[in-house]
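Enquirer: Please read through the structure below; I'll follow up with questions.
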Amino acid sequence: MSDRVLRLVNVGKTFGRHRALADVSLAFVPGEVAAVLGPNGAGKSTLLGLLSTLAQPSQGRITLGDAELSRRSPLRASIGYVGHEPGVYGDLSARQNLRLFASLYGLANAELRIAEMLARVGLDGVPREAAARTFSRGMLQRLALARALLPAPEILLFDEPGSALDPAGAAWLAGELQREREAGRLVVLVTHDLAATAAIATHIVVLRRGRVAYDETCGGYSADEVRAIYEEATRGKA
């Protein structure tokens with residue numbers, strides 16, 4: 001999968017007169033967990049929106065391997081996305097939600113795959129008829145992860161994945177992300193949680209005012225290293 005590098009080349013994004021991203025060039029490789037850090041307004045969510053193809057760049061290119069990644073590209077099926085909002089249907093049960101998305105993906109053996117995913121995220125014991133709107137925020141986040149994993153995507157994108165989880169849930173999620181990395185998938189997450197970053201990240205990107213202020217890959221980081229990287233990269237400069 002080494003040729004399936006996710007690249008941004010001189011990417012910019014503007015909304016009217018507001019510049020959200022400028023001249024962003026990055027490479028994300030399979031088998032890593034990349035954490036995108038930065039203060040509010042730095043462009044993190046905009047970057048994730050571009051990688052998910054929910055938005056298109058105003059300038060530059062985004063490619064996966066040799067192919068351009070865009071809203072109309074079949075490569076969209078290679079991406080699993082878990083947003084800050086779970087994005088599931090509240091009137092449907094967990095199984096019904098996954099069944100709907102399985103039909104959109106055209107999955108073979110869908111019922112077996114759904115059962116596997118519900119067990120993996122710890123929702124297999126939930127009453128089959130229980131509507132998702134009765135779930136806790138943490139349960140909804142688990143269901144969103146099951147939905148993202150359903151088609152076995154190459155790339156997993158997360159927007160503040162641990163924000164709705166208690167410490168036990170956050171530890172479980174870290175294990176799941178590590179499992180996906182070991183399976184050769186690329187995991188990119190936007191987060192404010194420096195401690196969580198230290199626990200799981202092998203690649204850190206820091207954005208500041210829409211530009212890349214730091215971009216390095218390492219075998220792993222300590223909490224102190226992550227804090228020092230973040231403080232240095234976001235220090236007040238013109």
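Every chain in the structure tokens has a letter given in the order shown (A, B, ...), and although residue numbers restart at 1 in each chain, ligands are simply numbered from 1 in the order shown.
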Quick check for you: according to DSSP on this backbone, which residues of stretch 113-164 of chain A are classed as helix (DSSP H, G or I)? Reply as a list of chain:residue names.
Expert: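 Output for stretch 113-164 of chain A, helix (DSSP H, G or I) only: A:Arg113, A:Ile114, A:Ala115, A:Glu116, A:Met117, A:Leu118, A:Ala119, A:Arg120, A:Ala132, A:Arg133, A:Thr134, A:Arg137, A:Gly138, A:Met139, A:Leu140, A:Gln141, A:Arg142, A:Leu143, A:Ala144, A:Leu145, A:Ala146, A:Arg147, A:Ala148, A:Leu149.
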Enquirer: Write the residues of the selection above to a file with N, CA and C atoms, as a PDB file, in the first residue's frame.
Expert:
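Now in selection-v3.pdb:
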ATOM      1  N   ARG A 113     -21.104  -8.685   8.143  1.00  0.00           N
ATOM      2  CA  ARG A 113     -20.221  -7.543   8.390  1.00  0.00           C
ATOM      3  C   ARG A 113     -20.808  -6.625   9.461  1.00  0.00           C
ATOM      4  N   ILE A 114     -22.117  -6.404   9.426  1.00  0.00           N
ATOM      5  CA  ILE A 114     -22.785  -5.563  10.417  1.00  0.00           C
ATOM      6  C   ILE A 114     -22.638  -6.165  11.806  1.00  0.00           C
ATOM      7  N   ALA A 115     -22.847  -7.462  11.916  1.00  0.00           N
ATOM      8  CA  ALA A 115     -22.704  -8.130  13.214  1.00  0.00           C
ATOM      9  C   ALA A 115     -21.274  -8.004  13.731  1.00  0.00           C
ATOM     10  N   GLU A 116     -20.291  -8.131  12.839  1.00  0.00           N
ATOM     11  CA  GLU A 116     -18.887  -7.999  13.229  1.00  0.00           C
ATOM     12  C   GLU A 116     -18.593  -6.593  13.754  1.00  0.00           C
ATOM     13  N   MET A 117     -19.109  -5.585  13.063  1.00  0.00           N
ATOM     14  CA  MET A 117     -18.829  -4.215  13.457  1.00  0.00           C
ATOM     15  C   MET A 117     -19.523  -3.846  14.771  1.00  0.00           C
ATOM     16  N   LEU A 118     -20.740  -4.296  14.964  1.00  0.00           N
ATOM     17  CA  LEU A 118     -21.435  -4.010  16.223  1.00  0.00           C
ATOM     18  C   LEU A 118     -20.704  -4.659  17.391  1.00  0.00           C
ATOM     19  N   ALA A 119     -20.212  -5.865  17.192  1.00  0.00           N
ATOM     20  CA  ALA A 119     -19.446  -6.520  18.245  1.00  0.00           C
ATOM     21  C   ALA A 119     -18.138  -5.784  18.503  1.00  0.00           C
ATOM     22  N   ARG A 120     -17.506  -5.346  17.443  1.00  0.00           N
ATOM     23  CA  ARG A 120     -16.210  -4.673  17.603  1.00  0.00           C
ATOM     24  C   ARG A 120     -16.326  -3.391  18.412  1.00  0.00           C
ATOM     25  N   ALA A 132     -31.487   4.950  17.752  1.00  0.00           N
ATOM     26  CA  ALA A 132     -30.220   5.616  18.032  1.00  0.00           C
ATOM     27  C   ALA A 132     -30.409   6.905  18.832  1.00  0.00           C
ATOM     28  N   ARG A 133     -31.578   7.547  18.723  1.00  0.00           N
ATOM     29  CA  ARG A 133     -31.797   8.784  19.469  1.00  0.00           C
ATOM     30  C   ARG A 133     -31.826   8.546  20.978  1.00  0.00           C
ATOM     31  N   THR A 134     -31.961   7.291  21.405  1.00  0.00           N
ATOM     32  CA  THR A 134     -31.946   6.972  22.849  1.00  0.00           C
ATOM     33  C   THR A 134     -30.536   6.673  23.338  1.00  0.00           C
ATOM     34  N   ARG A 137     -24.105   9.870  24.083  1.00  0.00           N
ATOM     35  CA  ARG A 137     -23.188  10.455  23.090  1.00  0.00           C
ATOM     36  C   ARG A 137     -22.049   9.481  22.774  1.00  0.00           C
ATOM     37  N   GLY A 138     -21.542   8.807  23.788  1.00  0.00           N
ATOM     38  CA  GLY A 138     -20.474   7.842  23.547  1.00  0.00           C
ATOM     39  C   GLY A 138     -20.922   6.684  22.686  1.00  0.00           C
ATOM     40  N   MET A 139     -22.145   6.194  22.894  1.00  0.00           N
ATOM     41  CA  MET A 139     -22.679   5.107  22.069  1.00  0.00           C
ATOM     42  C   MET A 139     -22.842   5.552  20.619  1.00  0.00           C
ATOM     43  N   LEU A 140     -23.294   6.788  20.437  1.00  0.00           N
ATOM     44  CA  LEU A 140     -23.431   7.311  19.075  1.00  0.00           C
ATOM     45  C   LEU A 140     -22.075   7.384  18.380  1.00  0.00           C
ATOM     46  N   GLN A 141     -21.048   7.763  19.140  1.00  0.00           N
ATOM     47  CA  GLN A 141     -19.711   7.847  18.558  1.00  0.00           C
ATOM     48  C   GLN A 141     -19.204   6.452  18.169  1.00  0.00           C
ATOM     49  N   ARG A 142     -19.549   5.453  18.972  1.00  0.00           N
ATOM     50  CA  ARG A 142     -19.180   4.075  18.641  1.00  0.00           C
ATOM     51  C   ARG A 142     -19.905   3.612  17.373  1.00  0.00           C
ATOM     52  N   LEU A 143     -21.173   3.983  17.258  1.00  0.00           N
ATOM     53  CA  LEU A 143     -21.928   3.622  16.060  1.00  0.00           C
ATOM     54  C   LEU A 143     -21.358   4.310  14.827  1.00  0.00           C
ATOM     55  N   ALA A 144     -20.952   5.564  14.982  1.00  0.00           N
ATOM     56  CA  ALA A 144     -20.336   6.282  13.866  1.00  0.00           C
ATOM     57  C   ALA A 144     -19.038   5.605  13.430  1.00  0.00           C
ATOM     58  N   LEU A 145     -18.272   5.093  14.392  1.00  0.00           N
ATOM     59  CA  LEU A 145     -17.046   4.374  14.040  1.00  0.00           C
ATOM     60  C   LEU A 145     -17.375   3.081  13.304  1.00  0.00           C
ATOM     61  N   ALA A 146     -18.392   2.360  13.784  1.00  0.00           N
ATOM     62  CA  ALA A 146     -18.802   1.129  13.095  1.00  0.00           C
ATOM     63  C   ALA A 146     -19.207   1.419  11.656  1.00  0.00           C
ATOM     64  N   ARG A 147     -19.930   2.520  11.453  1.00  0.00           N
ATOM     65  CA  ARG A 147     -20.344   2.900  10.105  1.00  0.00           C
ATOM     66  C   ARG A 147     -19.127   3.207   9.231  1.00  0.00           C
ATOM     67  N   ALA A 148     -18.145   3.920   9.798  1.00  0.00           N
ATOM     68  CA  ALA A 148     -16.955   4.271   9.024  1.00  0.00           C
ATOM     69  C   ALA A 148     -16.135   3.038   8.656  1.00  0.00           C
ATOM     70  N   LEU A 149     -16.096   2.052   9.544  1.00  0.00           N
ATOM     71  CA  LEU A 149     -15.299   0.854   9.307  1.00  0.00           C
ATOM     72  C   LEU A 149     -15.994  -0.160   8.403  1.00  0.00           C
TER      73      LEU A 149
END
Enquirer: Applying 6 Å and only C-alpha atoms, which residues near A:Gly12 remain after dropping the ones on its own chain fewer than 5 positions away? List them as a PyMOL selection string.
Expert: chain A and resi 21-23+57-59
Enquirer: Selected residues, N, CA and C atoms, written as an mmCIF file, in the first residue's frame, please.
Expert:
data_model
loop_
_atom_site.group_PDB
_atom_site.id
_atom_site.type_symbol
_atom_site.label_atom_id
_atom_site.label_comp_id
_atom_site.auth_asym_id
_atom_site.auth_seq_id
_atom_site.Cartn_x
_atom_site.Cartn_y
_atom_site.Cartn_z
ATOM 1 N N LEU A 21 -7.145 28.062 4.379
ATOM 2 C CA LEU A 21 -5.889 27.340 4.187
ATOM 3 C C LEU A 21 -5.099 28.004 3.076
ATOM 4 N N ALA A 22 -3.775 27.983 3.197
ATOM 5 C CA ALA A 22 -2.926 28.603 2.183
ATOM 6 C C ALA A 22 -1.662 27.782 1.975
ATOM 7 N N ASP A 23 -1.430 27.353 0.742
ATOM 8 C CA ASP A 23 -0.172 26.713 0.345
ATOM 9 C C ASP A 23 0.177 25.516 1.238
ATOM 10 N N PRO A 57 -10.806 21.929 -2.783
ATOM 11 C CA PRO A 57 -9.833 23.009 -2.621
ATOM 12 C C PRO A 57 -10.060 24.136 -3.622
ATOM 13 N N SER A 58 -9.734 25.355 -3.206
ATOM 14 C CA SER A 58 -9.789 26.498 -4.126
ATOM 15 C C SER A 58 -8.559 26.536 -5.017
ATOM 16 N N GLN A 59 -7.445 26.030 -4.493
ATOM 17 C CA GLN A 59 -6.205 25.921 -5.266
ATOM 18 C C GLN A 59 -5.540 24.610 -4.884
#
Enquirer: Within 9 Å of stretch 30-45 of chain A, which residues of stretch 103-197 of chain A come that close, and what is the closest atom pair and distance in Å for each? Count only C-alpha atoms and give it as a tab-separated table.
Expert:
residue	atom	partner	partner_atom	distance
A:Glu154	CA	A:Pro30	CA	7.9
A:Ile155	CA	A:Pro30	CA	7.9
A:Asp159	CA	A:Ser45	CA	7.2
A:Leu177	CA	A:Val33	CA	7.6
A:Gln178	CA	A:Val33	CA	7.8
A:Glu180	CA	A:Gly31	CA	7.9
A:Arg181	CA	A:Gly31	CA	4.7
A:Glu182	CA	A:Gly31	CA	6.2
A:Ala183	CA	A:Gly31	CA	7.1
A:Gly184	CA	A:Gly31	CA	4.2
A:Arg185	CA	A:Pro30	CA	5.1
A:Leu186	CA	A:Pro30	CA	4.3
A:Val187	CA	A:Val33	CA	4.7
A:Val188	CA	A:Ala34	CA	4.7
A:Leu189	CA	A:Ala35	CA	5.0
A:Val190	CA	A:Val36	CA	4.8
A:Thr191	CA	A:Leu37	CA	5.9
A:His192	CA	A:Leu37	CA	6.3
A:Asp193	CA	A:Leu37	CA	8.5
A:Leu194	CA	A:Leu37	CA	8.3
A:Thr197	CA	A:Ala35	CA	6.4
Enquirer: Hey, what's within 10 Å of A:Asp224 if we count only C-alpha atoms and toss same-chain stuff fewer than 6 positions away? As JSON, numbers by chain, please?
Expert: {"A": [194, 195, 198, 230]}
Enquirer: Residues as selected, C-alpha atoms, written as a tab-separated table (two decimals), in the first residue's frame, can you do that?
Expert:
chain	number	residue	atom	x	y	z
A	194	LEU	CA	-2.39	16.69	23.33
A	195	ALA	CA	-2.32	13.73	25.73
A	198	ALA	CA	1.03	11.48	22.50
A	230	TYR	CA	2.60	22.51	19.88
Enquirer: Between atom CA of A:Glu160 and atom CA of A:Arg211, measure the distance and give it in Å to one decimal.
Expert: 19.9 Å
Enquirer: If we count only C-alpha atoms and set the cut-off at 12 Å, which residues sit around A:Asp66, ignoring sequence neighbours fewer than 4 positions away in its own chain? Please answer as a short mmCIF file (atom, residue, chain, number, x, y, z; two decimals) with N, CA and C atoms, in the first residue's frame.
Expert:
data_model
loop_
_atom_site.label_atom_id
_atom_site.label_comp_id
_atom_site.auth_asym_id
_atom_site.auth_seq_id
_atom_site.Cartn_x
_atom_site.Cartn_y
_atom_site.Cartn_z
N SER A 2 2.20 1.08 -0.10
CA SER A 2 3.08 2.24 0.03
C SER A 2 2.87 3.26 -1.08
N ASP A 3 2.33 2.80 -2.23
CA ASP A 3 2.10 3.73 -3.32
C ASP A 3 0.81 4.51 -3.14
N ARG A 4 0.04 4.20 -2.11
CA ARG A 4 -1.25 4.85 -1.88
C ARG A 4 -1.08 6.02 -0.90
N VAL A 5 -0.12 6.86 -1.17
CA VAL A 5 0.12 8.03 -0.32
C VAL A 5 -0.95 9.08 -0.59
N LEU A 6 -1.45 9.67 0.46
CA LEU A 6 -2.43 10.76 0.36
C LEU A 6 -1.64 12.06 0.40
N ARG A 7 -1.69 12.82 -0.71
CA ARG A 7 -0.87 14.02 -0.83
C ARG A 7 -1.72 15.27 -1.04
N ARG A 61 -3.88 20.55 -5.45
CA ARG A 61 -4.38 19.22 -5.76
C ARG A 61 -4.29 18.31 -4.54
N ILE A 62 -5.23 17.38 -4.47
CA ILE A 62 -5.18 16.32 -3.47
C ILE A 62 -5.25 15.01 -4.23
N LEU A 75 -12.75 7.02 -5.61
CA LEU A 75 -11.89 6.86 -4.44
C LEU A 75 -12.59 7.25 -3.14
#
Enquirer: Rounded to one decimal, what separation in Å do you get between atom CA of A:Leu54 and atom CA of A:Gly83?
Expert: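 One can read the atom CA of A:Leu54 to atom CA of A:Gly83 distance as 11.2 Å.
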Enquirer: Taking the DSSP secondary structure from the backbone, can you list the residues of stretch 29-112 of chain A that are strand (DSSP E), as a list in words?
Expert: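 The residues of stretch 29-112 of chain A classed as strand (DSSP E) are Val33, Ala34, Ala35, Val36, Leu37, Gln59, Gly60, Arg61, Ile62, Thr63, Leu64, Ala67, Glu68, Ile79, Gly80, Tyr81 and Val82 of chain A.
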Enquirer: From the list A:Leu173, A:Val212, A:Val205, A:Leu123, which residue is nearest A:Ser93 when using only C-alpha atoms?
Expert: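 Counting only C-alpha atoms, the residue closest to A:Ser93 is A:Leu123.
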Enquirer: Compile the contact shell of A:Arg71 as a ChimeraX atom specification: residues with an atom at most 12 Å away, counting only C-alpha atoms, same-chain residues fewer than 6 positions apart removed.
Expert: /A:49-57,62,77,79
Enquirer: Using only C-alpha atoms, pick whichever of A:Leu104, A:Ala233, A:Leu47, A:Leu157 has the shortest atom-to-atom distance to A:Arg208.
Expert: A:Ala233
Enquirer: Which is closest to A:Glu216 among A:Arg76, A:Asn109, A:Ala170, A:Ile204, if we use only C-alpha atoms?
Expert: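 Using only C-alpha atoms, the shortest distance to A:Glu216 belongs to A:Ile204.
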Enquirer: Point out the residue among A:Asn97, A:Asn10, A:Thr46, A:Thr234 with the least atom-to-atom distance to A:Leu26, counting only C-alpha atoms.
Expert: A:Asn10
Enquirer: Determine, counting only C-alpha atoms, which protein, DNA and RNA residues have an atom within 10 Å of an atom of A:Gln96; residues of the same chain fewer than 6 positions away are not included. Present the result as a list in words.
Expert: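 Near A:Gln96, the qualifying residues are Tyr89, Ala102, Ile114, Arg128, Glu129, Ala131 and Ala132 of chain A.
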Enquirer: Suppose we keep N, CA and C atoms; can you now write the selection as a short mmCIF file (atom, residue, chain, number, x, y, z; two decimals), in the first residue's frame?
Expert:
data_model
loop_
_atom_site.label_atom_id
_atom_site.label_comp_id
_atom_site.auth_asym_id
_atom_site.auth_seq_id
_atom_site.Cartn_x
_atom_site.Cartn_y
_atom_site.Cartn_z
N TYR A 89 -28.81 8.14 11.84
CA TYR A 89 -30.25 8.42 11.82
C TYR A 89 -30.87 8.02 13.15
N ALA A 102 -24.66 -0.04 4.49
CA ALA A 102 -24.16 -1.21 3.75
C ALA A 102 -24.78 -1.26 2.36
N ILE A 114 -22.12 -6.40 9.43
CA ILE A 114 -22.79 -5.56 10.42
C ILE A 114 -22.64 -6.16 11.81
N ARG A 128 -32.10 -4.79 19.95
CA ARG A 128 -32.12 -4.64 18.50
C ARG A 128 -33.05 -3.53 18.04
N GLU A 129 -34.15 -3.28 18.81
CA GLU A 129 -35.13 -2.29 18.38
C GLU A 129 -34.85 -0.88 18.91
N ALA A 131 -33.85 2.75 19.29
CA ALA A 131 -33.54 3.81 18.33
C ALA A 131 -32.27 4.54 18.74
N ALA A 132 -31.49 4.95 17.75
CA ALA A 132 -30.22 5.62 18.03
C ALA A 132 -30.41 6.91 18.83
#
Enquirer: Considering only C-alpha atoms, state which residue in the set A:Tyr105, A:Tyr221, A:Tyr214, A:Phe135 is at the smallest distance from A:Ser25.
Expert: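 Closest candidate: A:Tyr214.
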